[in-house]
file work12.txt (compact mmCIF, C-alpha atoms and all ligand atoms)
# COMPACT_ATOMS: atom_id res chain seq x y z
CA MET S 1 96.92 74.19 117.59
CA PRO S 2 98.32 73.59 114.09
CA ARG S 3 99.17 76.68 112.06
CA GLY S 4 96.29 78.00 110.02
CA LEU S 5 93.54 76.31 111.98
CA PHE S 6 92.36 79.58 113.49
CA ALA S 7 92.53 81.05 110.03
CA LEU S 8 90.70 78.24 108.32
CA ARG S 9 87.90 78.34 110.83
CA HIS S 10 87.53 82.03 110.28
CA SER S 11 88.10 82.20 106.57
CA ALA S 12 85.05 80.16 105.73
CA ALA S 13 83.03 83.36 106.13
CA LEU S 14 85.83 85.85 105.52
CA ARG S 15 83.88 88.34 107.59
CA TYR S 16 84.05 88.99 111.27
CA ILE S 17 81.06 87.51 113.05
CA PRO S 18 80.44 89.54 116.19
CA GLY S 19 80.97 87.29 119.21
CA SER S 20 79.99 87.44 122.84
CA GLU S 21 83.51 88.47 123.85
CA ARG S 22 83.32 91.74 121.98
CA VAL S 23 83.18 94.77 124.24
CA LYS S 24 82.64 98.32 122.99
CA VAL S 25 85.69 100.45 123.71
CA SER S 26 83.46 103.30 124.79
CA GLN S 27 82.26 101.10 127.65
CA ILE S 28 85.69 100.74 129.17
CA ALA S 29 87.75 103.66 127.91
CA PRO S 30 86.48 106.94 129.30
CA ALA S 31 89.33 108.78 127.56
CA PHE S 32 87.50 108.18 124.29
CA THR S 33 85.74 111.43 123.42
CA SER S 34 84.75 111.22 119.78
CA ASP S 35 81.20 111.49 118.48
CA SER S 36 79.38 109.15 116.18
CA GLN S 37 79.36 109.90 112.47
CA ALA S 38 76.43 109.59 110.12
CA ASP S 39 77.60 106.08 109.25
CA ASP S 40 77.73 105.31 112.97
CA ARG S 41 81.47 104.79 112.98
CA PRO S 42 83.50 106.71 115.56
CA THR S 43 85.62 109.61 114.38
CA ALA S 44 89.36 109.27 114.84
CA LEU S 45 90.91 109.98 118.21
CA GLY S 46 93.09 113.08 118.17
CA PRO S 47 96.89 112.77 118.44
CA THR S 48 97.02 114.04 122.03
CA ASN S 49 94.36 111.61 123.17
CA LYS S 50 96.23 108.80 121.43
CA LYS S 51 99.49 109.74 123.15
CA TRP S 52 97.84 109.58 126.58
CA ARG S 53 96.33 106.23 125.74
CA LEU S 54 99.71 104.98 124.49
CA LEU S 55 101.28 106.10 127.76
CA ARG S 56 98.56 104.31 129.68
CA ALA S 57 99.22 101.09 127.74
CA TYR S 58 102.93 101.42 128.51
CA LEU S 59 102.38 102.07 132.21
CA SER S 60 99.88 99.19 132.41
CA ARG S 61 102.53 96.89 130.93
CA ASN S 62 100.27 96.11 127.98
CA PRO S 63 101.93 95.68 124.58
CA ILE S 64 102.53 99.02 122.88
CA TRP S 65 103.60 97.84 119.42
CA CYS S 66 101.84 95.53 117.03
CA ALA S 67 103.02 94.35 113.63
CA TRP S 68 99.81 93.77 111.69
CA GLN S 69 100.37 91.91 108.44
CA VAL S 70 97.92 92.74 105.67
CA THR S 71 99.29 90.34 103.07
CA TYR S 72 102.26 88.05 102.56
CA LYS S 73 102.17 88.54 98.82
CA CYS S 74 104.97 90.50 97.21
CA ASN S 75 105.84 91.42 93.64
CA TYR S 76 109.58 91.92 94.41
CA ARG S 77 112.16 89.16 94.53
CA CYS S 78 114.57 90.04 97.31
CA GLY S 79 117.25 87.45 98.03
CA PHE S 80 117.33 88.25 101.76
CA CYS S 81 113.55 87.90 102.24
CA HIS S 82 111.45 85.01 101.03
CA TYR S 83 107.98 86.41 101.65
CA TRP S 84 107.38 86.47 97.91
CA ARG S 85 107.43 82.67 97.96
CA ASP S 86 105.68 82.23 101.33
CA PRO S 87 102.67 79.87 101.04
CA MET S 88 100.79 82.14 103.46
CA GLY S 89 100.37 84.53 100.55
CA ALA S 90 97.71 82.19 99.18
CA LEU S 91 95.55 82.25 102.34
CA PRO S 92 92.46 84.46 102.57
CA GLU S 93 93.23 87.90 104.00
CA GLN S 94 91.40 90.10 106.48
CA THR S 95 88.81 92.43 105.04
CA VAL S 96 88.55 96.15 105.81
CA GLU S 97 85.56 95.37 108.05
CA MET S 98 87.76 93.00 110.00
CA PHE S 99 90.44 95.67 110.41
CA GLU S 100 87.75 98.01 111.76
CA GLU S 101 86.59 95.42 114.28
CA GLY S 102 90.10 94.35 115.16
CA ALA S 103 91.39 97.89 115.63
CA GLU S 104 88.49 98.70 117.92
CA LYS S 105 89.13 95.57 119.94
CA LEU S 106 92.84 96.35 120.29
CA ALA S 107 91.91 99.84 121.48
CA GLN S 108 90.73 98.23 124.70
CA LEU S 109 94.44 97.86 125.51
CA GLY S 110 95.12 101.53 124.78
CA THR S 111 96.48 103.19 121.68
CA LEU S 112 99.19 101.11 120.04
CA MET S 113 101.91 101.83 117.52
CA ILE S 114 100.84 99.62 114.64
CA SER S 115 103.25 98.70 111.92
CA ILE S 116 101.16 97.75 108.89
CA ALA S 117 103.35 95.29 107.15
CA GLY S 118 103.69 92.34 104.81
CA GLY S 119 104.67 91.20 102.18
CA GLU S 120 104.06 94.36 100.28
CA PRO S 121 101.15 96.09 102.01
CA MET S 122 100.47 98.42 99.10
CA LEU S 123 99.57 95.52 96.87
CA ARG S 124 96.17 95.80 98.50
CA PRO S 125 93.93 98.21 96.60
CA ASP S 126 91.98 98.88 99.83
CA PHE S 127 95.13 99.91 101.69
CA PRO S 128 93.92 103.50 102.44
CA ASP S 129 90.78 102.04 104.05
CA ILE S 130 92.91 99.75 106.21
CA VAL S 131 94.98 102.76 107.33
CA ARG S 132 91.79 104.70 108.10
CA ALA S 133 90.38 101.81 110.13
CA ILE S 134 93.55 101.45 112.22
CA GLY S 135 94.17 105.19 112.44
CA ARG S 136 90.88 105.80 114.23
CA TRP S 137 92.37 104.38 117.40
CA HIS S 138 96.08 103.85 116.90
CA PHE S 139 99.26 105.23 115.36
CA PRO S 140 99.50 103.42 111.99
CA PHE S 141 102.66 103.37 109.98
CA VAL S 142 103.72 101.40 106.95
CA THR S 143 106.89 99.87 105.57
CA THR S 144 106.91 99.55 101.80
CA HIS S 145 109.28 98.96 98.92
CA GLY S 146 107.77 102.12 97.45
CA GLY S 147 106.90 100.74 94.01
CA PHE S 148 103.21 101.68 94.16
CA VAL S 149 103.45 105.10 95.74
CA THR S 150 102.13 108.07 93.78
CA ARG S 151 101.69 111.61 95.04
CA ASP S 152 97.89 111.07 95.18
CA LEU S 153 98.22 107.84 97.15
CA ALA S 154 100.68 109.42 99.60
CA GLU S 155 98.24 112.29 100.18
CA GLU S 156 95.32 109.92 100.60
CA LEU S 157 97.24 107.86 103.17
CA PHE S 158 98.30 110.88 105.22
CA SER S 159 94.71 112.16 105.09
CA ALA S 160 93.56 108.74 106.28
CA GLY S 161 95.68 109.18 109.42
CA LEU S 162 98.97 107.52 108.51
CA TRP S 163 101.48 108.38 111.22
CA GLY S 164 104.60 107.47 109.29
CA ALA S 165 105.91 105.81 106.15
CA SER S 166 109.16 103.85 105.89
CA ILE S 167 110.54 103.15 102.46
CA SER S 168 113.13 100.42 102.14
CA ILE S 169 116.43 101.11 100.38
CA ASP S 170 119.52 99.10 101.15
CA TYR S 171 122.08 100.50 98.71
CA ALA S 172 122.75 104.08 97.63
CA ASP S 173 124.07 102.63 94.39
CA PRO S 174 120.89 102.18 92.28
CA ALA S 175 122.21 99.18 90.36
CA ARG S 176 123.03 97.30 93.56
CA HIS S 177 119.65 98.01 95.11
CA ASN S 178 117.83 96.96 91.94
CA LYS S 179 119.82 93.74 91.72
CA SER S 180 119.24 92.91 95.37
CA ARG S 181 115.47 93.50 95.06
CA GLY S 182 115.19 91.71 91.71
CA ILE S 183 113.43 94.65 90.01
CA PRO S 184 115.04 96.91 87.35
CA ASP S 185 113.97 100.31 88.73
CA ALA S 186 113.32 99.50 92.39
CA PHE S 187 115.73 102.23 93.54
CA GLN S 188 114.23 104.97 91.40
CA GLN S 189 110.72 104.04 92.55
CA ALA S 190 111.75 103.99 96.20
CA VAL S 191 113.35 107.43 96.02
CA ARG S 192 110.29 108.79 94.25
CA ALA S 193 108.14 107.29 97.00
CA ILE S 194 110.19 109.10 99.65
CA GLU S 195 109.74 112.34 97.72
CA HIS S 196 105.96 111.82 97.37
CA PHE S 197 105.50 110.99 101.03
CA SER S 198 107.73 113.82 102.10
CA ARG S 199 105.75 116.40 100.14
CA ALA S 200 102.36 114.93 101.04
CA ARG S 201 102.73 115.36 104.82
CA LYS S 202 99.87 117.32 106.35
CA HIS S 203 100.71 117.36 110.04
CA SER S 204 103.87 118.02 112.02
CA TRP S 205 103.70 114.53 113.53
CA GLN S 206 103.75 112.69 110.20
CA ARG S 207 107.17 111.26 109.46
CA VAL S 208 108.97 109.68 106.55
CA ASN S 209 111.86 107.23 107.01
CA LEU S 210 114.34 105.60 104.72
CA MET S 211 114.65 102.07 106.11
CA CYS S 212 117.80 100.03 105.46
CA VAL S 213 118.68 96.43 106.24
CA LEU S 214 122.31 95.98 107.26
CA LEU S 215 123.49 93.20 104.95
CA HIS S 216 126.84 91.48 104.37
CA ASP S 217 127.97 94.06 101.83
CA ASN S 218 126.30 97.43 102.36
CA ILE S 219 127.92 99.10 105.39
CA ASP S 220 129.79 101.38 102.94
CA GLN S 221 126.43 102.56 101.59
CA VAL S 222 124.96 103.70 104.88
CA GLU S 223 126.24 107.28 105.06
CA GLU S 224 125.13 108.00 101.50
CA LEU S 225 121.68 106.60 102.30
CA ILE S 226 121.44 108.90 105.33
CA LYS S 227 122.18 111.83 103.01
CA ILE S 228 119.56 110.72 100.48
CA ALA S 229 117.00 110.66 103.31
CA ALA S 230 118.10 114.12 104.45
CA ASP S 231 117.62 115.49 100.92
CA TYR S 232 113.91 114.72 101.32
CA ASP S 233 113.57 115.84 104.94
CA ALA S 234 113.27 112.21 105.96
CA TYR S 235 114.76 110.16 108.77
CA PHE S 236 117.08 107.20 108.37
CA MET S 237 116.66 103.90 110.24
CA ILE S 238 118.51 100.61 110.04
CA GLN S 239 118.08 97.03 111.24
CA PRO S 240 120.41 94.04 110.85
CA TYR S 241 119.59 91.11 108.60
CA SER S 242 118.02 88.14 110.37
CA ILE S 243 118.25 84.60 109.04
CA ARG S 244 114.65 83.87 110.06
CA LYS S 245 113.23 85.11 106.73
CA THR S 246 115.40 82.87 104.55
CA GLY S 247 117.21 80.33 106.70
CA SER S 248 120.44 81.49 105.06
CA LYS S 249 123.51 82.99 106.76
CA ARG S 250 124.71 84.39 103.47
CA PHE S 251 123.50 87.96 104.04
CA ARG S 252 124.81 88.36 107.59
CA TYR S 253 127.22 91.19 108.27
CA ILE S 254 130.37 89.55 109.64
CA LYS S 255 133.18 92.00 109.03
CA GLY S 256 133.61 93.24 112.59
CA ASP S 257 132.16 95.72 115.01
CA VAL S 258 129.53 97.99 113.62
CA SER S 259 127.80 99.59 116.61
CA GLU S 260 130.40 102.30 117.15
CA ARG S 261 130.47 103.08 113.44
CA LEU S 262 126.69 103.51 113.33
CA LEU S 263 126.66 105.52 116.56
CA GLY S 264 129.31 107.79 115.04
CA LEU S 265 127.11 108.35 111.99
CA ARG S 266 124.17 109.03 114.29
CA ARG S 267 126.16 111.73 116.08
CA LYS S 268 127.08 113.25 112.73
CA HIS S 269 123.65 113.17 111.03
CA ARG S 270 120.61 114.60 112.79
CA ASN S 271 118.21 112.61 110.63
CA PHE S 272 119.64 109.25 111.79
CA LEU S 273 116.69 108.30 113.98
CA SER S 274 117.44 104.77 115.24
CA ASN S 275 117.64 104.70 119.02
CA PRO S 276 121.30 104.69 120.20
CA SER S 277 120.59 101.95 122.68
CA PHE S 278 119.26 99.81 119.79
CA LEU S 279 122.34 100.59 117.66
CA GLY S 280 124.61 99.90 120.63
CA ASN S 281 123.43 96.28 120.64
CA PHE S 282 124.14 95.51 116.96
CA ASP S 283 127.54 94.03 117.87
CA GLN S 284 126.04 91.78 120.52
CA PHE S 285 123.37 90.62 118.07
CA LEU S 286 125.94 89.87 115.36
CA ALA S 287 128.16 88.06 117.87
CA GLY S 288 125.40 85.65 118.91
CA GLY S 289 122.24 87.47 119.93
CA VAL S 290 120.61 89.85 122.38
CA PRO S 291 118.85 87.98 125.22
CA ASP S 292 115.60 88.79 127.06
CA CYS S 293 113.36 89.30 124.06
CA ARG S 294 110.12 91.04 125.01
CA ALA S 295 108.09 89.54 122.14
CA GLY S 296 104.62 88.82 123.46
CA GLN S 297 104.97 91.34 126.26
CA ALA S 298 105.87 94.69 124.71
CA PHE S 299 105.07 93.80 121.09
CA PHE S 300 103.33 91.10 119.10
CA ASN S 301 102.24 90.08 115.61
CA ILE S 302 98.90 89.66 113.88
CA ASP S 303 99.18 87.73 110.64
CA SER S 304 97.22 88.28 107.45
CA CYS S 305 94.46 85.91 108.65
CA GLY S 306 94.12 87.51 112.09
CA ASP S 307 96.12 84.91 114.01
CA VAL S 308 98.14 86.36 116.87
CA ALA S 309 101.71 85.31 117.72
CA ILE S 310 104.46 86.79 119.88
CA CYS S 311 106.34 88.03 116.78
CA VAL S 312 106.23 87.73 113.02
CA GLU S 313 108.77 84.91 112.96
CA GLU S 314 106.57 82.92 115.35
CA ARG S 315 103.50 83.32 113.14
CA HIS S 316 103.45 79.58 112.52
CA ARG S 317 102.75 79.09 116.24
CA PRO S 318 99.77 81.38 116.89
CA VAL S 319 98.37 81.70 120.41
CA ALA S 320 95.00 83.24 119.54
CA ASN S 321 92.95 84.85 116.84
CA LEU S 322 92.08 88.53 117.05
CA TYR S 323 88.51 87.88 115.91
CA ARG S 324 87.82 84.97 118.23
CA GLN S 325 89.43 85.84 121.54
CA SER S 326 88.91 88.94 123.67
CA ALA S 327 91.69 91.53 123.87
CA ARG S 328 92.44 90.54 127.44
CA GLU S 329 92.62 86.85 126.53
CA VAL S 330 94.95 87.66 123.64
CA VAL S 331 97.27 89.51 126.03
CA ARG S 332 97.08 86.73 128.61
CA ARG S 333 98.03 84.08 126.07
CA LEU S 334 100.82 86.21 124.62
CA ARG S 335 102.31 86.67 128.10
CA GLU S 336 102.03 82.96 128.76
CA ARG S 337 103.82 82.08 125.50
CA SER S 338 106.54 84.68 126.08
CA GLU S 339 107.55 83.14 129.39
CA GLY S 340 110.94 81.46 129.14
CA ASN S 341 111.47 82.62 125.54
CA THR S 342 115.21 82.33 124.88
CA CYS S 343 115.13 83.17 121.16
CA VAL S 344 117.85 85.59 120.00
CA ASP S 345 117.27 85.25 116.25
CA CYS S 346 116.58 88.87 115.39
CA TRP S 347 117.42 92.39 116.29
CA TYR S 348 114.67 93.91 114.17
CA ASN S 349 113.75 97.51 114.48
CA CYS S 350 110.43 96.60 116.10
CA ARG S 351 112.14 94.54 118.77
CA GLY S 352 115.14 96.80 119.43
CA GLU S 353 113.33 100.13 119.29
CA VAL S 354 110.53 98.94 121.55
CA GLU S 355 112.91 97.33 124.02
CA SER S 356 114.85 100.61 124.15
CA LEU S 357 111.74 102.19 125.66
CA TYR S 358 112.13 99.96 128.71
CA LYS S 359 115.60 101.33 129.49
CA PRO S 360 115.89 104.82 131.01
CA VAL S 361 118.43 106.13 128.46
CA GLY S 362 116.58 104.66 125.49
CA LEU S 363 113.28 106.03 126.74
CA LEU S 364 114.73 109.53 127.11
CA LYS S 365 116.10 109.42 123.55
CA SER S 366 112.84 108.19 122.02
CA LEU S 367 110.32 110.26 123.95
CA PRO S 368 110.84 113.53 122.05
CA THR S 369 110.10 111.89 118.69
CA ILE S 370 107.06 110.09 120.07
CA LEU S 371 105.58 112.89 122.13
CA LEU S 372 106.73 116.14 120.53
CA ASP S 373 105.52 115.81 116.94
CA HIS S 374 109.05 115.70 115.52
CA GLY S 375 107.84 114.36 112.18
CA ARG S 376 110.74 116.07 110.42
CA PRO S 377 114.41 116.01 111.34
CA LYS S 378 115.50 119.26 112.98
CA ASN S 379 118.09 121.32 111.10
C1 LIG S 401 109.41 92.30 105.20
S1 LIG S 401 109.46 93.91 104.58
C2 LIG S 401 107.78 94.29 104.21
C3 LIG S 401 107.58 95.66 103.62
C4 LIG S 401 108.03 95.92 102.21
N1 LIG S 401 107.78 94.86 101.33
C5 LIG S 401 109.46 96.36 102.17
O1 LIG S 401 110.31 95.66 101.64
O2 LIG S 401 109.70 97.45 102.70
C6 LIG S 401 109.71 94.89 106.07
C7 LIG S 401 111.15 95.32 106.26
O3 LIG S 401 111.93 94.18 106.57
C8 LIG S 401 113.13 94.28 105.84
N2 LIG S 401 113.66 92.92 105.71
C9 LIG S 401 113.36 92.00 104.78
N3 LIG S 401 114.03 90.86 104.99
C10 LIG S 401 114.77 91.05 106.10
C11 LIG S 401 115.68 90.23 106.83
N4 LIG S 401 115.93 88.99 106.46
N5 LIG S 401 116.25 90.76 107.93
C12 LIG S 401 115.99 92.02 108.32
N6 LIG S 401 115.15 92.82 107.68
C13 LIG S 401 114.54 92.35 106.57
C14 LIG S 401 112.72 94.94 104.55
O4 LIG S 401 113.80 95.51 103.84
C15 LIG S 401 111.77 96.00 105.07
O5 LIG S 401 112.46 97.16 105.47
S1 LIG S 402 111.72 92.69 101.67
FE1 LIG S 402 109.72 93.52 101.12
S2 LIG S 402 109.95 93.80 98.92
FE2 LIG S 402 111.50 92.34 99.46
S3 LIG S 402 110.55 90.32 99.18
FE3 LIG S 402 110.35 90.92 101.35
S4 LIG S 402 108.33 91.78 101.43
FE4 LIG S 402 108.94 91.82 99.28
S1 LIG S 403 114.31 87.37 119.04
FE1 LIG S 403 113.09 85.63 118.30
S2 LIG S 403 111.17 85.70 119.48
FE2 LIG S 403 112.20 87.69 119.73
S3 LIG S 403 111.28 88.99 118.14
FE3 LIG S 403 113.15 88.10 117.29
S4 LIG S 403 112.55 86.24 116.20
FE4 LIG S 403 110.85 86.85 117.58

call {"tool": "encode", "arguments": {"input": "work12.txt", "output": "structure tokens"}}
result
Amino acid sequence: MPRGLFALRHSAALRYIPGSERVKVSQIAPAFTSDSQADDRPTALGPTNKKWRLLRAYLSRNPIWCAWQVTYKCNYRCGFCHYWRDPMGALPEQTVEMFEEGAEKLAQLGTLMISIAGGEPMLRPDFPDIVRAIGRWHFPFVTTHGGFVTRDLAEELFSAGLWGASISIDYADPARHNKSRGIPDAFQQAVRAIEHFSRARKHSWQRVNLMCVLLHDNIDQVEELIKIAADYDAYFMIQPYSIRKTGSKRFRYIKGDVSERLLGLRRKHRNFLSNPSFLGNFDQFLAGGVPDCRAGQAFFNIDSCGDVAICVEERHRPVANLYRQSAREVVRRLRERSEGNTCVDCWYNCRGEVESLYKPVGLLKSLPTILLDHGRPKN
């Protein structure tokens, strides 16, 4: 089906029309124990309940990670990411009511780790409501450039159930970060955002990350970035540049092996969170690609119109729409599309970290942070 057709069909109303495929989670998920509120919406599942339901999704071989795009609009002008000029930014976006319906439907698969992404997600004034809707059932976290974060907003988001916030900084040198993002004080705003989020945490499971893209010219910046994160009791994570967002090879790191260097930094700095098995594959990715992508099996993408694809880069080839197909049908179609996938174009955090969970060593390294409420790096 041509890209956007699902969306166009749906966008005429811009509201989810309940269909016959919709099944109440309470009918099929006995682990759900919350009561109804005065407004008849379920209260949020507790963290322990969510962890059990996440484990169940994992053991049932259902996807456990979803990137859910809330907008493709962006007010920054990064050279290594062209979302700010993506025509999808002009399409109608899901409403909060749709996020409520969609999150409840996805909960039939279990509790998922949901990366609320974009574009710049915080461009949406209803962003806290989106977090609340997703956080009722799932673990929501956000990646942001940080430009809109105030202390009040950070508190509101953590109160709404945000599990974690990642703020993107790629250079410890402010001038270089600002130049790369095309905004004069992008660095200062991002650091302030880390500080706001860090101070606004309410629960031991809420985490803050500094998120870096490994580019052609910033490997020398990485250790300083880890230290900046540590100053704010935040973790550090990194993913390599992929050409799929721009079509350009210009930003690819090509200066030699990097895995051992990053693993060395991870051994040195306790707040370097990226899974070692993910970091261990950076060299293979940069030398040509990591095979056996689990997109569509372990993780998938929902675009800003509700169309579902195996990953964000495949959003132009959706397999279903969250508001039209049942959760089981969505999973069936994702599995079908993932068969024989030979793509090696990215080694994004979402792909690498999730795939680590399917290897014994990677699973052992990630479990403590997922299960034991390690929202802050240990000293
Ligand atoms: C697409 S952005 C959306 C969220 C937000 N606008 C931001 O910049 O944090 C999500 C993450 O992908 C990173 N990113 C952007 N372009 C990339 C590329 N070509 N390869 C790898 N990561 C990229 C961003 O730096 C950010 O950490
Ligand atoms: S990386 Fe984020 S801030 Fe930069 S253009 Fe892409 S979406 Fe916008
Ligand atoms: S390797 Fe290809 S299919 Fe797999 S997540 Fe990356 S871009 Fe998507």

call {"tool": "residues_near_point", "arguments": {"input": "work12.txt", "point": "(124.7, 92.3, 104.6)", "cutoff": "6 Å", "atoms": "all atoms listed in the file", "output": "list in words"}}
result
Leu214, Leu215, His216, Asp217, Asn218, Phe251, Arg252 and Tyr253 of chain S

call {"tool": "closest_atom_pairs", "arguments": {"input": "work12.txt", "of": "chain S", "to": "ligand LIG 403 (chain S)", "cutoff": "6 Å", "atoms": "all atoms listed in the file", "output": "tab-separated table"}}
result
residue	atom	partner	partner_atom	distance
S:Cys293	CA	S:LIG403	FE2	4.8
S:Ala295	CA	S:LIG403	FE2	5.1
S:Cys311	CA	S:LIG403	FE4	4.7
S:Glu313	CA	S:LIG403	S4	5.2
S:Cys343	CA	S:LIG403	FE1	4.3
S:Val344	CA	S:LIG403	S1	4.1
S:Asp345	CA	S:LIG403	S1	4.6
S:Cys346	CA	S:LIG403	FE3	4.0
S:Arg351	CA	S:LIG403	S3	5.7

call {"tool": "closest_atom_pairs", "arguments": {"input": "work12.txt", "of": "chain S", "to": "ligand LIG 401 (chain S)", "cutoff": "7 Å", "atoms": "only C-alpha atoms and all ligand atoms", "output": "Markdown table"}}
result
| residue | atom | partner | partner_atom | distance |
| --- | --- | --- | --- | --- |
| S:Cys74 | CA | S:LIG401 | N1 | 6.6 |
| S:Phe80 | CA | S:LIG401 | N4 | 5.0 |
| S:Cys81 | CA | S:LIG401 | N3 | 4.1 |
| S:Ala117 | CA | S:LIG401 | C2 | 5.4 |
| S:Gly118 | CA | S:LIG401 | C2 | 4.6 |
| S:Gly119 | CA | S:LIG401 | C2 | 4.8 |
| S:Glu120 | CA | S:LIG401 | N1 | 3.9 |
| S:Pro121 | CA | S:LIG401 | C3 | 6.6 |
| S:Thr143 | CA | S:LIG401 | O2 | 4.7 |
| S:Thr144 | CA | S:LIG401 | O2 | 3.6 |
| S:His145 | CA | S:LIG401 | O2 | 4.1 |
| S:Ile167 | CA | S:LIG401 | O2 | 5.8 |
| S:Ser168 | CA | S:LIG401 | O2 | 4.6 |
| S:Met211 | CA | S:LIG401 | O5 | 5.4 |
| S:Cys212 | CA | S:LIG401 | O5 | 6.1 |
| S:Val213 | CA | S:LIG401 | N6 | 5.3 |
| S:Gln239 | CA | S:LIG401 | C12 | 6.2 |
| S:Pro240 | CA | S:LIG401 | C12 | 5.5 |
| S:Tyr241 | CA | S:LIG401 | N5 | 3.4 |
| S:Ser242 | CA | S:LIG401 | N5 | 4.0 |
| S:Ile243 | CA | S:LIG401 | N4 | 5.6 |
| S:Arg244 | CA | S:LIG401 | N4 | 6.4 |
| S:Lys245 | CA | S:LIG401 | N4 | 4.7 |
| S:Thr246 | CA | S:LIG401 | N4 | 6.4 |
| S:Tyr348 | CA | S:LIG401 | C12 | 6.3 |

call {"tool": "closest_residue", "arguments": {"input": "work12.txt", "among": "S:Thr111, S:Ser356, S:Ser277, S:Ser248", "to": "Asn49 (chain S)", "atoms": "only C-alpha atoms"}}
result
S:Thr111

call {"tool": "closest_residue", "arguments": {"input": "work12.txt", "among": "S:Asn321, S:Ser326, S:Asn301, S:Ser198", "to": "Trp65 (chain S)", "atoms": "only C-alpha atoms"}}
result
S:Asn301

call {"tool": "closest_residue", "arguments": {"input": "work12.txt", "among": "S:Trp205, S:Trp137, S:Phe148, S:Phe300", "to": "ligand LIG 402 (chain S)", "atoms": "all atoms listed in the file"}}
result
S:Phe148

call {"tool": "residues_around", "arguments": {"input": "work12.txt", "residues": "Ala165 (chain S)", "least_positions_apart": "4", "cutoff": "6 Å", "atoms": "all atoms listed in the file", "output": "number ranges by chain"}}
result
S: 141-142, 208

call {"tool": "residues_around", "arguments": {"input": "work12.txt", "residues": "Ala287 (chain S)", "least_positions_apart": "5", "cutoff": "10 Å", "atoms": "all atoms listed in the file", "output": "PDB file with C-alpha atoms, keeping the file's coordinate frame"}}
result
ATOM      1  CA  ILE S 254     130.370  89.550 109.640  1.00  0.00           C
ATOM      2  CA  GLY S 256     133.610  93.240 112.590  1.00  0.00           C
ATOM      3  CA  ASP S 257     132.160  95.720 115.010  1.00  0.00           C
ATOM      4  CA  ASN S 281     123.430  96.280 120.640  1.00  0.00           C
ATOM      5  CA  PHE S 282     124.140  95.510 116.960  1.00  0.00           C
TER       6      PHE S 282
END

call {"tool": "residues_around", "arguments": {"input": "work12.txt", "residues": "Lys202 (chain S)", "least_positions_apart": "2", "cutoff": "8 Å", "atoms": "only C-alpha atoms", "output": "VMD selection string"}}
result
chain S and resid 158 to 159 200 204 206

call {"tool": "write_last_selection", "arguments": {"input": "work12.txt", "atoms": "C-alpha atoms", "output": "short mmCIF file (atom, residue, chain, number, x, y, z; two decimals), in the frame of the given file"}}
result
data_model
loop_
_atom_site.label_atom_id
_atom_site.label_comp_id
_atom_site.auth_asym_id
_atom_site.auth_seq_id
_atom_site.Cartn_x
_atom_site.Cartn_y
_atom_site.Cartn_z
CA PHE S 158 98.30 110.88 105.22
CA SER S 159 94.71 112.16 105.09
CA ALA S 200 102.36 114.93 101.04
CA SER S 204 103.87 118.02 112.02
CA GLN S 206 103.75 112.69 110.20
#

call {"tool": "atom_distance", "arguments": {"input": "work12.txt", "atom1": "CA of Leu279 (chain S)", "atom2": "CA of Cys66 (chain S)"}}
result
21.1 Å

call {"tool": "decode", "arguments": {"input": "work12.txt", "residues": "region 210-239 of chain S", "atoms": "C-alpha atoms", "output": "compact mmCIF listing (two decimals), in the first residue's frame"}}
result
# COMPACT_ATOMS: atom_id res chain seq x y z
CA LEU S 210 23.03 12.31 27.81
CA MET S 211 22.68 10.85 24.32
CA CYS S 212 25.48 11.29 21.77
CA VAL S 213 25.72 10.40 18.09
CA LEU S 214 29.15 9.17 17.08
CA LEU S 215 29.99 11.36 14.09
CA HIS S 216 33.03 11.72 11.83
CA ASP S 217 34.72 14.23 14.13
CA ASN S 218 33.59 13.85 17.75
CA ILE S 219 35.30 10.76 19.20
CA ASP S 220 37.65 13.12 21.08
CA GLN S 221 34.61 14.68 22.76
CA VAL S 222 33.17 11.50 24.21
CA GLU S 223 35.01 11.31 27.54
CA GLU S 224 34.23 14.94 28.34
CA LEU S 225 30.55 14.31 27.54
CA ILE S 226 30.54 11.34 29.92
CA LYS S 227 31.88 13.66 32.63
CA ILE S 228 29.25 16.32 31.90
CA ALA S 229 26.56 13.65 32.34
CA ALA S 230 28.15 12.49 35.60
CA ASP S 231 28.10 16.06 36.94
CA TYR S 232 24.30 15.87 36.80
CA ASP S 233 23.95 12.30 38.05
CA ALA S 234 23.00 11.24 34.54
CA TYR S 235 23.98 8.31 32.34
CA PHE S 236 25.79 8.53 29.03
CA MET S 237 24.74 6.64 25.90
CA ILE S 238 26.03 6.68 22.34
CA GLN S 239 24.95 5.45 18.91
